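J.: Below is start_2.pdb; it holds PDB, C-alpha atoms, pLDDT in the B column.
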ATOM      1  CA  MET Q 108     -13.446 -50.323  64.555  1.00 58.00           C
ATOM      2  CA  LYS Q 109     -14.486 -52.977  62.061  1.00 61.00           C
ATOM      3  CA  THR Q 110     -14.361 -51.822  58.449  1.00 64.00           C
ATOM      4  CA  LYS Q 111     -17.047 -52.912  56.041  1.00 65.00           C
ATOM      5  CA  ARG Q 112     -16.055 -54.936  53.027  1.00 67.00           C
ATOM      6  CA  LYS Q 113     -17.063 -53.545  49.684  1.00 67.00           C
ATOM      7  CA  ILE Q 114     -20.132 -55.439  48.532  1.00 70.00           C
ATOM      8  CA  ASN Q 115     -19.600 -57.404  45.351  1.00 83.00           C
ATOM      9  CA  VAL Q 116     -23.188 -58.140  44.390  1.00 84.00           C
ATOM     10  CA  LYS Q 117     -22.333 -60.675  41.673  1.00 88.00           C
ATOM     11  CA  ASP Q 118     -20.240 -62.740  44.086  1.00 88.00           C
ATOM     12  CA  LYS Q 119     -22.974 -62.648  46.715  1.00 89.00           C
ATOM     13  CA  VAL Q 120     -25.657 -63.676  44.209  1.00 88.00           C
ATOM     14  CA  ARG Q 121     -23.420 -66.457  42.881  1.00 89.00           C
ATOM     15  CA  ASN Q 122     -22.925 -67.689  46.457  1.00 88.00           C
ATOM     16  CA  ILE Q 123     -26.674 -67.692  47.160  1.00 89.00           C
ATOM     17  CA  ALA Q 124     -27.554 -69.283  43.808  1.00 90.00           C
ATOM     18  CA  GLY Q 125     -25.052 -72.048  44.492  1.00 88.00           C
ATOM     19  CA  ALA Q 126     -26.787 -72.810  47.772  1.00 87.00           C
ATOM     20  CA  LEU Q 127     -30.187 -72.961  46.064  1.00 89.00           C
ATOM     21  CA  ASN Q 128     -29.216 -75.249  43.191  1.00 87.00           C
ATOM     22  CA  ASP Q 129     -31.109 -78.523  43.157  1.00 88.00           C
ATOM     23  CA  LEU Q 130     -32.968 -78.003  46.435  1.00 93.00           C
ATOM     24  CA  SER Q 131     -36.317 -79.669  46.907  1.00 94.00           C
ATOM     25  CA  PHE Q 132     -39.268 -77.474  47.847  1.00 94.00           C
ATOM     26  CA  LYS Q 133     -39.027 -78.664  51.462  1.00 97.00           C
ATOM     27  CA  GLU Q 134     -35.293 -77.939  51.638  1.00 95.00           C
ATOM     28  CA  LEU Q 135     -35.863 -74.478  50.149  1.00 94.00           C
ATOM     29  CA  GLU Q 136     -38.657 -73.839  52.642  1.00 95.00           C
ATOM     30  CA  LEU Q 137     -36.378 -74.800  55.540  1.00 96.00           C
ATOM     31  CA  LEU Q 138     -33.499 -72.677  54.238  1.00 94.00           C
ATOM     32  CA  ILE Q 139     -35.699 -69.613  53.707  1.00 94.00           C
ATOM     33  CA  SER Q 140     -37.120 -70.045  57.208  1.00 97.00           C
ATOM     34  CA  ASP Q 141     -33.576 -70.066  58.602  1.00 97.00           C
ATOM     35  CA  LEU Q 142     -32.289 -67.172  56.481  1.00 94.00           C
ATOM     36  CA  PHE Q 143     -35.161 -64.724  56.914  1.00 96.00           C
ATOM     37  CA  THR Q 144     -37.442 -63.600  59.702  1.00 98.00           C
ATOM     38  CA  PRO Q 145     -41.181 -64.170  59.189  1.00 97.00           C
ATOM     39  CA  ASN Q 146     -41.557 -60.423  58.520  1.00 97.00           C
ATOM     40  CA  GLU Q 147     -38.840 -60.512  55.857  1.00 98.00           C
ATOM     41  CA  ILE Q 148     -40.507 -63.492  54.179  1.00 98.00           C
ATOM     42  CA  ASP Q 149     -43.832 -61.617  54.199  1.00 97.00           C
ATOM     43  CA  SER Q 150     -42.160 -58.544  52.726  1.00 97.00           C
ATOM     44  CA  ILE Q 151     -40.480 -60.489  49.918  1.00 96.00           C
ATOM     45  CA  SER Q 152     -43.722 -62.310  49.135  1.00 97.00           C
ATOM     46  CA  ASP Q 153     -45.691 -59.045  49.170  1.00 98.00           C
ATOM     47  CA  ARG Q 154     -43.242 -57.400  46.771  1.00 97.00           C
ATOM     48  CA  TRP Q 155     -43.493 -60.311  44.360  1.00 96.00           C
ATOM     49  CA  ASP Q 156     -47.314 -60.171  44.503  1.00 97.00           C
ATOM     50  CA  VAL Q 157     -47.187 -56.421  43.846  1.00 98.00           C
ATOM     51  CA  ALA Q 158     -44.851 -56.893  40.867  1.00 97.00           C
ATOM     52  CA  LYS Q 159     -47.247 -59.411  39.315  1.00 96.00           C
ATOM     53  CA  LEU Q 160     -50.258 -57.144  39.857  1.00 97.00           C
ATOM     54  CA  LEU Q 161     -48.460 -54.074  38.478  1.00 97.00           C
ATOM     55  CA  ASN Q 162     -47.489 -56.148  35.461  1.00 95.00           C
ATOM     56  CA  GLU Q 163     -51.178 -56.994  34.974  1.00 95.00           C
ATOM     57  CA  GLY Q 164     -51.935 -53.261  34.872  1.00 96.00           C
ATOM     58  CA  LEU Q 165     -53.639 -52.762  38.233  1.00 98.00           C
ATOM     59  CA  SER Q 166     -53.443 -49.329  39.841  1.00 98.00           C
ATOM     60  CA  TYR Q 167     -51.636 -48.641  43.095  1.00 98.00           C
ATOM     61  CA  ARG Q 168     -54.974 -48.210  44.874  1.00 98.00           C
ATOM     62  CA  GLU Q 169     -56.358 -51.491  43.509  1.00 98.00           C
ATOM     63  CA  ILE Q 170     -53.219 -53.328  44.611  1.00 99.00           C
ATOM     64  CA  ASN Q 171     -53.375 -51.684  48.032  1.00 99.00           C
ATOM     65  CA  LYS Q 172     -56.990 -52.812  48.478  1.00 98.00           C
ATOM     66  CA  LEU Q 173     -56.255 -56.367  47.308  1.00 98.00           C
ATOM     67  CA  THR Q 174     -53.049 -56.922  49.255  1.00 97.00           C
ATOM     68  CA  GLY Q 175     -52.887 -54.394  52.075  1.00 98.00           C
ATOM     69  CA  VAL Q 176     -49.392 -53.439  50.908  1.00 98.00           C
ATOM     70  CA  SER Q 177     -48.662 -49.745  51.428  1.00 98.00           C
ATOM     71  CA  ILE Q 178     -48.718 -47.309  48.520  1.00 98.00           C
ATOM     72  CA  THR Q 179     -45.073 -46.490  49.344  1.00 98.00           C
ATOM     73  CA  THR Q 180     -43.986 -50.121  48.907  1.00 98.00           C
ATOM     74  CA  ILE Q 181     -46.042 -50.440  45.727  1.00 98.00           C
ATOM     75  CA  GLY Q 182     -44.261 -47.335  44.413  1.00 98.00           C
ATOM     76  CA  ARG Q 183     -40.857 -48.816  45.246  1.00 97.00           C
ATOM     77  CA  VAL Q 184     -41.660 -52.040  43.420  1.00 98.00           C
ATOM     78  CA  SER Q 185     -42.948 -50.021  40.462  1.00 97.00           C
ATOM     79  CA  ARG Q 186     -39.710 -48.012  40.319  1.00 97.00           C
ATOM     80  CA  TYR Q 187     -37.687 -51.219  40.207  1.00 95.00           C
ATOM     81  CA  LEU Q 188     -39.945 -52.639  37.506  1.00 95.00           C
ATOM     82  CA  ILE Q 189     -39.321 -49.531  35.409  1.00 93.00           C
ATOM     83  CA  ASN Q 190     -35.770 -48.501  36.352  1.00 94.00           C
ATOM     84  CA  GLY Q 191     -34.288 -51.563  38.021  1.00 90.00           C
ATOM     85  CA  ASN Q 192     -31.884 -54.126  36.628  1.00 89.00           C
ATOM     86  CA  GLY Q 193     -34.591 -56.094  34.820  1.00 92.00           C
ATOM     87  CA  GLY Q 194     -34.866 -58.915  37.349  1.00 92.00           C
ATOM     88  CA  TYR Q 195     -38.592 -58.568  37.943  1.00 93.00           C
ATOM     89  CA  GLU Q 196     -39.233 -58.247  34.213  1.00 91.00           C
ATOM     90  CA  LYS Q 197     -37.198 -61.312  33.265  1.00 92.00           C
ATOM     91  CA  VAL Q 198     -38.903 -63.517  35.847  1.00 93.00           C
ATOM     92  CA  LEU Q 199     -42.382 -62.186  34.999  1.00 92.00           C
ATOM     93  CA  ILE Q 200     -41.786 -62.930  31.301  1.00 91.00           C
ATOM     94  CA  ARG Q 201     -40.475 -66.391  32.119  1.00 89.00           C
ATOM     95  CA  LYS Q 202     -43.519 -67.129  34.308  1.00 87.00           C
ATOM     96  CA  LYS Q 203     -45.864 -65.804  31.612  1.00 84.00           C
ATOM     97  CA  ASN Q 204     -44.244 -68.142  29.087  1.00 85.00           C
ATOM     98  CA  GLY Q 205     -44.704 -71.091  31.444  1.00 79.00           C
ATOM     99  CA  LYS Q 206     -41.050 -71.705  32.189  1.00 65.00           C
TER     100      LYS Q 206
END
Could you render the structure from this file as structure tokens?
T.:
Amino acid sequence: MKTKRKINVKDKVRNIAGALNDLSFKELELLISDLFTPNEIDSISDRWDVAKLLNEGLSYREINKLTGVSITTIGRVSRYLINGNGGYEKVLIRKKNGK
């Protein structure tokens, strides 16, 4: 039986970030299309949209009506905004500041 390696998140993120460095938009588009299924791309995009709307102060119901994303997914994104590692927050602040 194959044993699973312990996941070292920092190493995995470093590996992915290295692949993304200096890619053009077209190259990034092609890579994302190869890495993820269309459903996974939709899911990632939906979660980012939800994070932005939650950050703007919209309610779960308003976000659900605007995006069609389930209340459960909106709740998950909200939990990570509040209790996550700060990734959403850092990127939202950076985008707000125009960087």
J.: Measuring atom to atom with only C-alpha atoms, identify which of Q:Ile151, Q:Arg201, Q:Tyr187, Q:Val157 is nearest to Leu173 of chain Q.
T.: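 With only C-alpha atoms as the atom set, the closest residue is Q:Val157.
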J.: Once the PyMOL selection byres ((chain Q and resi 171) around 12) is applied to the coordinates I shared, what remains selected? I want it as a list in words.
T.: Asp153, Arg154, Asp156, Val157, Leu160, Leu161, Leu165, Ser166, Tyr167, Arg168, Glu169, Ile170, Lys172, Leu173, Thr174, Gly175, Val176, Ser177, Ile178, Thr179, Thr180, Ile181 and Gly182 of chain Q
J.: Between Q:Glu134, Q:Glu147, Q:Gly125, Q:Val198, which has the minimum distance to Asn162 of chain Q (counting all atoms listed in the file)?
T.: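 Of the candidates, the smallest distance to Asn162 of chain Q is held by Q:Val198.
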J.: What does the distance between atom CA of Arg183 of chain Q and atom CA of Ala126 of chain Q come to in Å, to one decimal place?
T.: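 Computed distance, atom CA of Arg183 of chain Q to atom CA of Ala126 of chain Q, equals 27.9 Å.
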J.: Which residues, written as a ChimeraX atom specification, have at least one atom at most 12 Å from Ser152 of chain Q, with only C-alpha atoms counted and residues fewer than 6 positions away on the same chain left out?
T.: /Q:139,143,145-146,158-159,174,176,184
J.: What would the file look like if the residues just selected were written as a PDB file, keeping the file's coordinate frame with C-alpha atoms?
T.:
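Once written, out_11.pdb looks like this:
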ATOM      1  CA  ILE Q 139     -35.699 -69.613  53.707  1.00 94.00           C
ATOM      2  CA  PHE Q 143     -35.161 -64.724  56.914  1.00 96.00           C
ATOM      3  CA  PRO Q 145     -41.181 -64.170  59.189  1.00 97.00           C
ATOM      4  CA  ASN Q 146     -41.557 -60.423  58.520  1.00 97.00           C
ATOM      5  CA  ALA Q 158     -44.851 -56.893  40.867  1.00 97.00           C
ATOM      6  CA  LYS Q 159     -47.247 -59.411  39.315  1.00 96.00           C
ATOM      7  CA  THR Q 174     -53.049 -56.922  49.255  1.00 97.00           C
ATOM      8  CA  VAL Q 176     -49.392 -53.439  50.908  1.00 98.00           C
ATOM      9  CA  VAL Q 184     -41.660 -52.040  43.420  1.00 98.00           C
TER      10      VAL Q 184
END
J.: Between atom CA of Gly191 of chain Q and atom CA of Asn115 of chain Q, measure the distance and give it in Å to one decimal.
T.: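 According to the coordinates, atom CA of Gly191 of chain Q and atom CA of Asn115 of chain Q are separated by 17.4 Å.
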J.: Interatomic distance between atom CA of Thr144 of chain Q and atom CA of Asn122 of chain Q?
T.: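 Those two atoms sit 20.1 Å apart.
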